[in-house]
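Some notes on the structure that comes next.
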Amino acid sequence: MAEFSLRQARSEDAIAIAQAHVDARRVAMPWLPIIHSFEDTVNFFADFVIPNQIVWVAEVDSEVVGFLAIEGAFVEHLYIAPTHQGLGIGDTLLRKAKELRPDGLRLWTFERNLRARKFYENRGFVAREFTDGSRNEERTPDVLYDWNPVKPSIDD
């Protein structure tokens, strides 16, 4: 298994983050419409996500191979490059999100993305809402998930 490390994202990571995002979506969701160019995707991560969200990257041999972006209680992005999936990177990034937001998290994933849904459900997330996709850019049915850690009562 490849060793990896986590660190906070820097502005110069935008291209590598965009590449992991595009590659992961292409492989996991070939049915998903592509609505942004690669250049637009890089600009989105460089100009909006990295400066305005909490972003952590996973590196293997100094190469960004995955990332997590959080805004408020929402996991906005969690993508791992296809060549580095199955190594525990996604699990480690999700644990980082839970550490950063111990009171709970929310996230959206596409309804047809069964692998992602199973990943989140196996880590304590519960589906709360199913939509027809009319509120997302891709116009693809999606699912809202919540993770609410069990807190001990005062009597425990």
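Letters A, B, ... go to the chains of the structure tokens in the order shown; residues in each chain start at 1; ligands are counted from 1 in the same order.
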
Considering only C-alpha atoms, return as a PDB file with N, CA, C and O atoms, in the first residue's frame whatever protein or nucleic-acid residues lie within 6 Å of segment 133-148 of chain A, sequence-local ones (same chain, fewer than 3 positions apart) excluded.
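Output file around.pdb follows:
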ATOM      1  N   GLY A 104     -21.195  17.262  13.748  1.00  0.00           N
ATOM      2  CA  GLY A 104     -21.953  16.681  12.650  1.00  0.00           C
ATOM      3  C   GLY A 104     -21.573  17.246  11.301  1.00  0.00           C
ATOM      4  O   GLY A 104     -20.987  18.328  11.201  1.00  0.00           O
ATOM      5  N   LEU A 105     -21.902  16.491  10.283  1.00  0.00           N
ATOM      6  CA  LEU A 105     -21.603  16.856   8.898  1.00  0.00           C
ATOM      7  C   LEU A 105     -22.809  16.549   8.016  1.00  0.00           C
ATOM      8  O   LEU A 105     -23.627  15.699   8.350  1.00  0.00           O
ATOM      9  N   ARG A 106     -22.831  17.229   6.883  1.00  0.00           N
ATOM     10  CA  ARG A 106     -23.830  16.959   5.849  1.00  0.00           C
ATOM     11  C   ARG A 106     -23.097  16.899   4.521  1.00  0.00           C
ATOM     12  O   ARG A 106     -22.035  17.496   4.361  1.00  0.00           O
ATOM     13  N   LEU A 107     -23.694  16.218   3.557  1.00  0.00           N
ATOM     14  CA  LEU A 107     -23.132  16.205   2.215  1.00  0.00           C
ATOM     15  C   LEU A 107     -24.179  15.725   1.228  1.00  0.00           C
ATOM     16  O   LEU A 107     -25.161  15.085   1.597  1.00  0.00           O
ATOM     17  N   TRP A 108     -23.951  16.081  -0.015  1.00  0.00           N
ATOM     18  CA  TRP A 108     -24.778  15.605  -1.130  1.00  0.00           C
ATOM     19  C   TRP A 108     -23.955  14.645  -1.959  1.00  0.00           C
ATOM     20  O   TRP A 108     -22.748  14.856  -2.148  1.00  0.00           O
ATOM     21  N   THR A 109     -24.594  13.630  -2.475  1.00  0.00           N
ATOM     22  CA  THR A 109     -23.980  12.777  -3.485  1.00  0.00           C
ATOM     23  C   THR A 109     -25.073  12.390  -4.480  1.00  0.00           C
ATOM     24  O   THR A 109     -26.261  12.495  -4.172  1.00  0.00           O
ATOM     25  N   PHE A 110     -24.669  11.993  -5.650  1.00  0.00           N
ATOM     26  CA  PHE A 110     -25.656  11.632  -6.661  1.00  0.00           C
ATOM     27  C   PHE A 110     -26.279  10.276  -6.331  1.00  0.00           C
ATOM     28  O   PHE A 110     -25.591   9.354  -5.885  1.00  0.00           O
ATOM     29  N   GLU A 111     -27.559  10.178  -6.546  1.00  0.00           N
ATOM     30  CA  GLU A 111     -28.301   8.958  -6.213  1.00  0.00           C
ATOM     31  C   GLU A 111     -27.710   7.728  -6.902  1.00  0.00           C
ATOM     32  O   GLU A 111     -27.628   6.653  -6.308  1.00  0.00           O
ATOM     33  N   PHE A 125     -23.128   7.849   7.952  1.00  0.00           N
ATOM     34  CA  PHE A 125     -24.005   8.848   7.337  1.00  0.00           C
ATOM     35  C   PHE A 125     -25.363   8.213   7.023  1.00  0.00           C
ATOM     36  O   PHE A 125     -25.431   7.039   6.653  1.00  0.00           O
ATOM     37  N   VAL A 126     -26.415   9.017   7.176  1.00  0.00           N
ATOM     38  CA  VAL A 126     -27.780   8.540   6.953  1.00  0.00           C
ATOM     39  C   VAL A 126     -28.429   9.420   5.886  1.00  0.00           C
ATOM     40  O   VAL A 126     -28.356  10.653   5.952  1.00  0.00           O
ATOM     41  N   ALA A 127     -29.066   8.779   4.910  1.00  0.00           N
ATOM     42  CA  ALA A 127     -29.783   9.514   3.858  1.00  0.00           C
ATOM     43  C   ALA A 127     -30.985  10.217   4.478  1.00  0.00           C
ATOM     44  O   ALA A 127     -31.780   9.594   5.173  1.00  0.00           O
ATOM     45  N   ARG A 128     -31.108  11.520   4.210  1.00  0.00           N
ATOM     46  CA  ARG A 128     -32.187  12.320   4.788  1.00  0.00           C
ATOM     47  C   ARG A 128     -33.157  12.850   3.744  1.00  0.00           C
ATOM     48  O   ARG A 128     -34.306  13.109   4.052  1.00  0.00           O
ATOM     49  N   GLU A 129     -32.662  13.045   2.525  1.00  0.00           N
ATOM     50  CA  GLU A 129     -33.525  13.634   1.495  1.00  0.00           C
ATOM     51  C   GLU A 129     -33.072  13.146   0.125  1.00  0.00           C
ATOM     52  O   GLU A 129     -31.882  13.134  -0.167  1.00  0.00           O
ATOM     53  N   PHE A 130     -34.022  12.777  -0.700  1.00  0.00           N
ATOM     54  CA  PHE A 130     -33.764  12.399  -2.087  1.00  0.00           C
ATOM     55  C   PHE A 130     -34.422  13.465  -2.961  1.00  0.00           C
ATOM     56  O   PHE A 130     -35.576  13.829  -2.711  1.00  0.00           O
TER      57      PHE A 130
END

Q.
Among segment 14-149 of chain A, which ones does DSSP assign to strand (DSSP E or B) (computed from the backbone)? Answer as a PyMOL selection string.
A. chain A and resi 54-60+63-71+74-80+105-110+126-131+142-147

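Counting only C-alpha atoms, Gln85 of chain A has the following residues at most 12 Å away, ignoring those fewer than 4 positions along the same chain: Met1, Ala2, Phe4, Ala20, Asp23, Ala24, Val27, Ala28, Ala58, Val60, Val65, Gly66, Phe67, Leu78, Tyr79, Ile80, Ala81, Ile89, Gly90, Asp91, Thr92, Arg115, Ala116 and Phe119 of chain A.
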
Q: Using atom CA of Ala46 of chain A and atom CA of Arg10 of chain A as the two end points, give the distance in Å to one decimal.
A: 9.1 Å

Q.
One number please: atom CA of Gln53 of chain A to atom CA of Ser5 of chain A, in Å, one decimal.
A.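 Separating atom CA of Gln53 of chain A from atom CA of Ser5 of chain A is a distance of 19.8 Å.
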
**Q.** Members of segment 47-121 of chain A assigned helix (DSSP H, G or I) by DSSP, as JSON, numbers by chain
**A.** {"A": [47, 48, 49, 50, 51, 52, 82, 83, 84, 89, 90, 91, 92, 93, 94, 95, 96, 97, 98, 99, 100, 114, 115, 116, 117, 118, 119, 120, 121]}

Q: Pick out the closest residue to Val64 of chain A from this set: A:Ile34, A:Leu114, A:Val150, A:Ile15. Count only C-alpha atoms.
A: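 Among the listed residues, the smallest separation from Val64 of chain A belongs to A:Ile15.
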